[in-house]
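Asker: The file below is start.txt, compact mmCIF, C-alpha atoms and all ligand atoms:
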# COMPACT_ATOMS: atom_id res chain seq x y z
CA MET C 1 237.99 232.71 -44.67
CA LEU C 2 241.63 231.63 -44.47
CA ALA C 3 240.77 228.76 -42.11
CA ARG C 4 237.91 227.70 -44.38
CA ASP C 5 240.26 227.70 -47.37
CA GLY C 6 242.55 225.18 -45.70
CA TRP C 7 245.11 227.58 -44.30
CA PRO C 8 245.34 226.20 -40.76
CA MET C 9 246.08 228.46 -37.82
CA GLU C 10 247.34 226.54 -34.84
CA GLN C 11 249.02 228.99 -32.48
CA ALA C 12 247.72 232.55 -32.36
CA VAL C 13 246.92 235.58 -34.45
CA ILE C 14 249.24 238.55 -33.99
CA VAL C 15 247.61 241.87 -34.80
CA PHE C 16 249.74 244.97 -35.29
CA THR C 17 248.14 248.21 -34.21
CA TYR C 18 249.55 251.70 -34.41
CA ALA C 19 249.96 254.59 -32.03
CA GLY C 20 246.95 256.86 -32.22
CA ALA C 21 244.65 254.15 -33.56
CA PRO C 22 242.20 252.16 -31.45
CA GLY C 23 243.21 248.76 -30.15
CA ILE C 24 241.51 245.47 -30.87
CA SER C 25 237.94 245.46 -29.64
CA SER C 26 236.30 242.55 -27.87
CA PRO C 27 234.06 241.88 -30.91
CA ASP C 28 237.20 241.84 -33.10
CA ARG C 29 238.76 239.25 -30.78
CA GLU C 30 235.59 237.17 -30.82
CA THR C 31 235.57 237.26 -34.63
CA PHE C 32 239.14 235.93 -34.79
CA TRP C 33 238.30 233.29 -32.20
CA ARG C 34 235.25 232.11 -34.13
CA ALA C 35 237.10 232.16 -37.48
CA PHE C 36 240.38 230.55 -36.42
CA GLY C 37 239.91 229.14 -32.91
CA VAL C 38 243.09 230.82 -31.70
CA PRO C 39 243.73 233.76 -29.37
CA VAL C 40 244.67 237.21 -30.60
CA PHE C 41 247.74 239.04 -29.34
CA GLU C 42 248.16 242.74 -30.05
CA GLN C 43 251.52 244.30 -30.82
CA TYR C 44 251.52 248.06 -30.60
CA LEU C 45 253.83 249.85 -33.03
CA SER C 46 255.03 253.39 -33.63
CA PRO C 47 254.44 254.94 -37.06
CA ALA C 48 258.02 253.82 -37.90
CA ASN C 49 257.12 250.20 -36.93
CA LYS C 50 259.09 250.28 -33.67
CA LEU C 51 257.57 247.91 -31.09
CA LEU C 52 256.08 250.00 -28.28
CA ALA C 53 254.13 247.43 -26.29
CA THR C 54 253.10 243.82 -26.54
CA GLU C 55 250.22 241.77 -25.20
CA CYS C 56 250.83 238.76 -22.95
CA ASP C 57 248.82 235.61 -22.21
CA ALA C 58 246.85 237.43 -19.50
CA HIS C 59 245.36 239.90 -22.04
CA GLU C 60 245.36 242.59 -19.34
CA GLY C 61 246.83 245.42 -21.38
CA LEU C 62 250.08 245.63 -23.35
CA HIS C 63 253.46 245.49 -21.63
CA VAL C 64 255.62 248.49 -22.40
CA VAL C 65 258.69 247.70 -24.48
CA SER C 66 259.75 251.28 -25.29
CA ASP C 67 258.60 254.87 -25.74
CA CYS C 68 255.13 254.78 -24.20
CA GLU C 69 255.31 258.18 -22.51
CA GLY C 70 251.93 259.87 -22.47
CA PHE C 71 249.94 256.65 -22.65
CA PRO C 72 247.69 255.64 -19.75
CA LEU C 73 249.73 253.04 -17.88
CA GLU C 74 248.80 250.37 -15.36
CA TYR C 75 251.52 249.63 -12.78
CA ASP C 76 249.91 246.74 -10.87
CA ILE C 77 251.72 243.44 -11.42
CA CYS C 78 250.14 241.64 -14.34
CA PRO C 79 248.61 238.19 -13.74
CA CYS C 80 251.30 236.84 -16.12
CA GLY C 81 254.00 237.90 -13.64
CA ASN C 82 255.73 240.37 -15.97
CA PRO C 83 256.49 243.49 -13.87
CA ALA C 84 256.65 245.84 -16.88
CA PRO C 85 253.89 248.48 -16.79
CA ARG C 86 251.05 247.99 -19.22
CA VAL C 87 249.34 250.30 -21.66
CA THR C 88 245.66 250.01 -20.91
CA ARG C 89 243.68 249.16 -23.99
CA GLY C 90 239.93 249.42 -23.74
CA SER C 91 237.35 248.72 -26.36
CA ARG C 92 236.82 251.18 -29.17
CA ILE C 93 233.61 252.37 -27.55
CA GLU C 94 235.43 252.96 -24.28
CA GLU C 95 238.21 254.81 -26.10
CA LEU C 96 235.74 256.99 -27.96
CA ALA C 97 233.86 257.69 -24.75
CA GLY C 98 237.16 258.65 -23.15
CA LEU C 99 237.97 261.06 -25.96
CA LEU C 100 234.55 262.71 -25.66
CA ALA C 101 234.66 263.03 -21.86
ZN ZN F 201 251.15 240.31 -18.61
Please go through the file and, once you have read it, give me the structure as structure tokens.

Answerer:
Amino acid sequence: MLARDGWPMEQAVIVFTYAGAPGISSPDRETFWRAFGVPVFEQYLSPANKLLATECDAHEGLHVVSDCEGFPLEYDICPCGNPAPRVTRGSRIEELAGLLA
């Protein structure tokens, strides 16, 4: 809607998500891509808005910035080259399936 109303988006959409809530799903990303033609980057925040992890160009999880103890972490080197471990973020369906397992 914003793009249609003449509010151009030329770089990216940054989406803030919060600890305990699901990440951005693939359909969500596709919706942003169709609406704005730009990639989505997720920034994962604590309830006090402290940055916990941030998504890179590789979109292979979110690199830990601080305080991500207890989250499932991926330690393989990211395709972007950043050696910081990544919080794995699956789709909502995958997360729900994980909670029910
Ligand atoms: Zn990366």

Asker: I'd like to know which of C:Cys78, C:Ile14, C:Arg86, C:Pro72 is closest to Glu42 in chain C, using all atoms listed in the file.

Answerer: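 Nearest to Glu42 in chain C: C:Ile14.
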
Asker: Have a look at C:Glu69, C:Glu10, C:Asp76, C:Glu55 and name the one nearest to Ala35 in chain C; count only C-alpha atoms.

Answerer: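 Using only C-alpha atoms, Ala35 in chain C sits closest to C:Glu10.
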
Asker: Using only C-alpha atoms and all ligand atoms, find each residue with an atom at most 6 Å away from ligand ZN 201 (chain F) and format the answer as a compact mmCIF listing (two decimals) with C-alpha atoms, in the frame of the given file.

Answerer:
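Done, and the output landed in part_0.txt:
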# COMPACT_ATOMS: atom_id res chain seq x y z
CA CYS C 56 250.83 238.76 -22.95
CA ALA C 58 246.85 237.43 -19.50
CA CYS C 78 250.14 241.64 -14.34
CA PRO C 79 248.61 238.19 -13.74
CA CYS C 80 251.30 236.84 -16.12
CA ASN C 82 255.73 240.37 -15.97

Asker: Quote the spacing between CA of Leu52 in chain C and CA of Gly37 in chain C in Å to one decimal place.

Answerer: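 Taking CA of Leu52 in chain C as the start and CA of Gly37 in chain C as the end point, the length is 26.8 Å.
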
Asker: Give me, as a PDB file with C-alpha atoms, keeping the file's coordinate frame, all polymer residues having an atom no more than 9 Å from Thr17 in chain C, counting only C-alpha atoms and skipping those fewer than 4 positions away in the same chain.

Answerer:
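File written: result32.pdb
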ATOM      1  CA  ALA C  21     244.650 254.150 -33.560  1.00  0.00           C
ATOM      2  CA  PRO C  22     242.200 252.160 -31.450  1.00  0.00           C
ATOM      3  CA  GLY C  23     243.210 248.760 -30.150  1.00  0.00           C
ATOM      4  CA  ILE C  24     241.510 245.470 -30.870  1.00  0.00           C
ATOM      5  CA  GLU C  42     248.160 242.740 -30.050  1.00  0.00           C
ATOM      6  CA  GLN C  43     251.520 244.300 -30.820  1.00  0.00           C
ATOM      7  CA  TYR C  44     251.520 248.060 -30.600  1.00  0.00           C
ATOM      8  CA  LEU C  45     253.830 249.850 -33.030  1.00  0.00           C
ATOM      9  CA  SER C  46     255.030 253.390 -33.630  1.00  0.00           C
TER      10      SER C  46
END

Asker: Would you mind telling me which residue in C:Thr54, C:Ser25, C:Gln11, C:Ser66 lies nearest to Val38 in chain C when using only C-alpha atoms?

Answerer: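 Once distances to Val38 in chain C are computed over only C-alpha atoms, the minimum belongs to C:Gln11.
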
Asker: One number please: CA of Val13 in chain C to CA of Ala84 in chain C, in Å, one decimal.

Answerer: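 Computed distance, CA of Val13 in chain C to CA of Ala84 in chain C, equals 22.6 Å.
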
Asker: Excluding Cys68 in chain C and its own-chain neighbours fewer than 3 positions away, which residues fall within 8 Å of it when counting all atoms listed in the file? Please give them as a CSV table (one decimal) with C-alpha atoms, in the coordinates of the input.

Answerer:
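Dumped everything to part14.csv:
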chain,number,residue,atom,x,y,z
C,52,LEU,CA,256.1,250.0,-28.3
C,53,ALA,CA,254.1,247.4,-26.3
C,64,VAL,CA,255.6,248.5,-22.4
C,65,VAL,CA,258.7,247.7,-24.5
C,71,PHE,CA,249.9,256.6,-22.6
C,87,VAL,CA,249.3,250.3,-21.7

Asker: Record the distance separating CA of Gly61 in chain C and CA of Thr88 in chain C, expressed in Å with one decimal.

Answerer: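 A separation of 4.8 Å between them.
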
Asker: Give the answer as one residue: which of C:Gly20, C:Asp57, C:Ala12, C:Asn49 has the shortest atom-to-atom distance to Phe36 in chain C, using all atoms listed in the file?

Answerer: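 Nearest candidate to Phe36 in chain C out of C:Gly20, C:Asp57, C:Ala12, C:Asn49: C:Ala12.
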
Asker: Under the rule that all atoms listed in the file are counted, which of C:Arg89, C:Glu74, C:Asp67, C:Lys50 is the nearest residue to Ser26 in chain C?

Answerer: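 With all atoms listed in the file as the atom set, the closest residue is C:Arg89.
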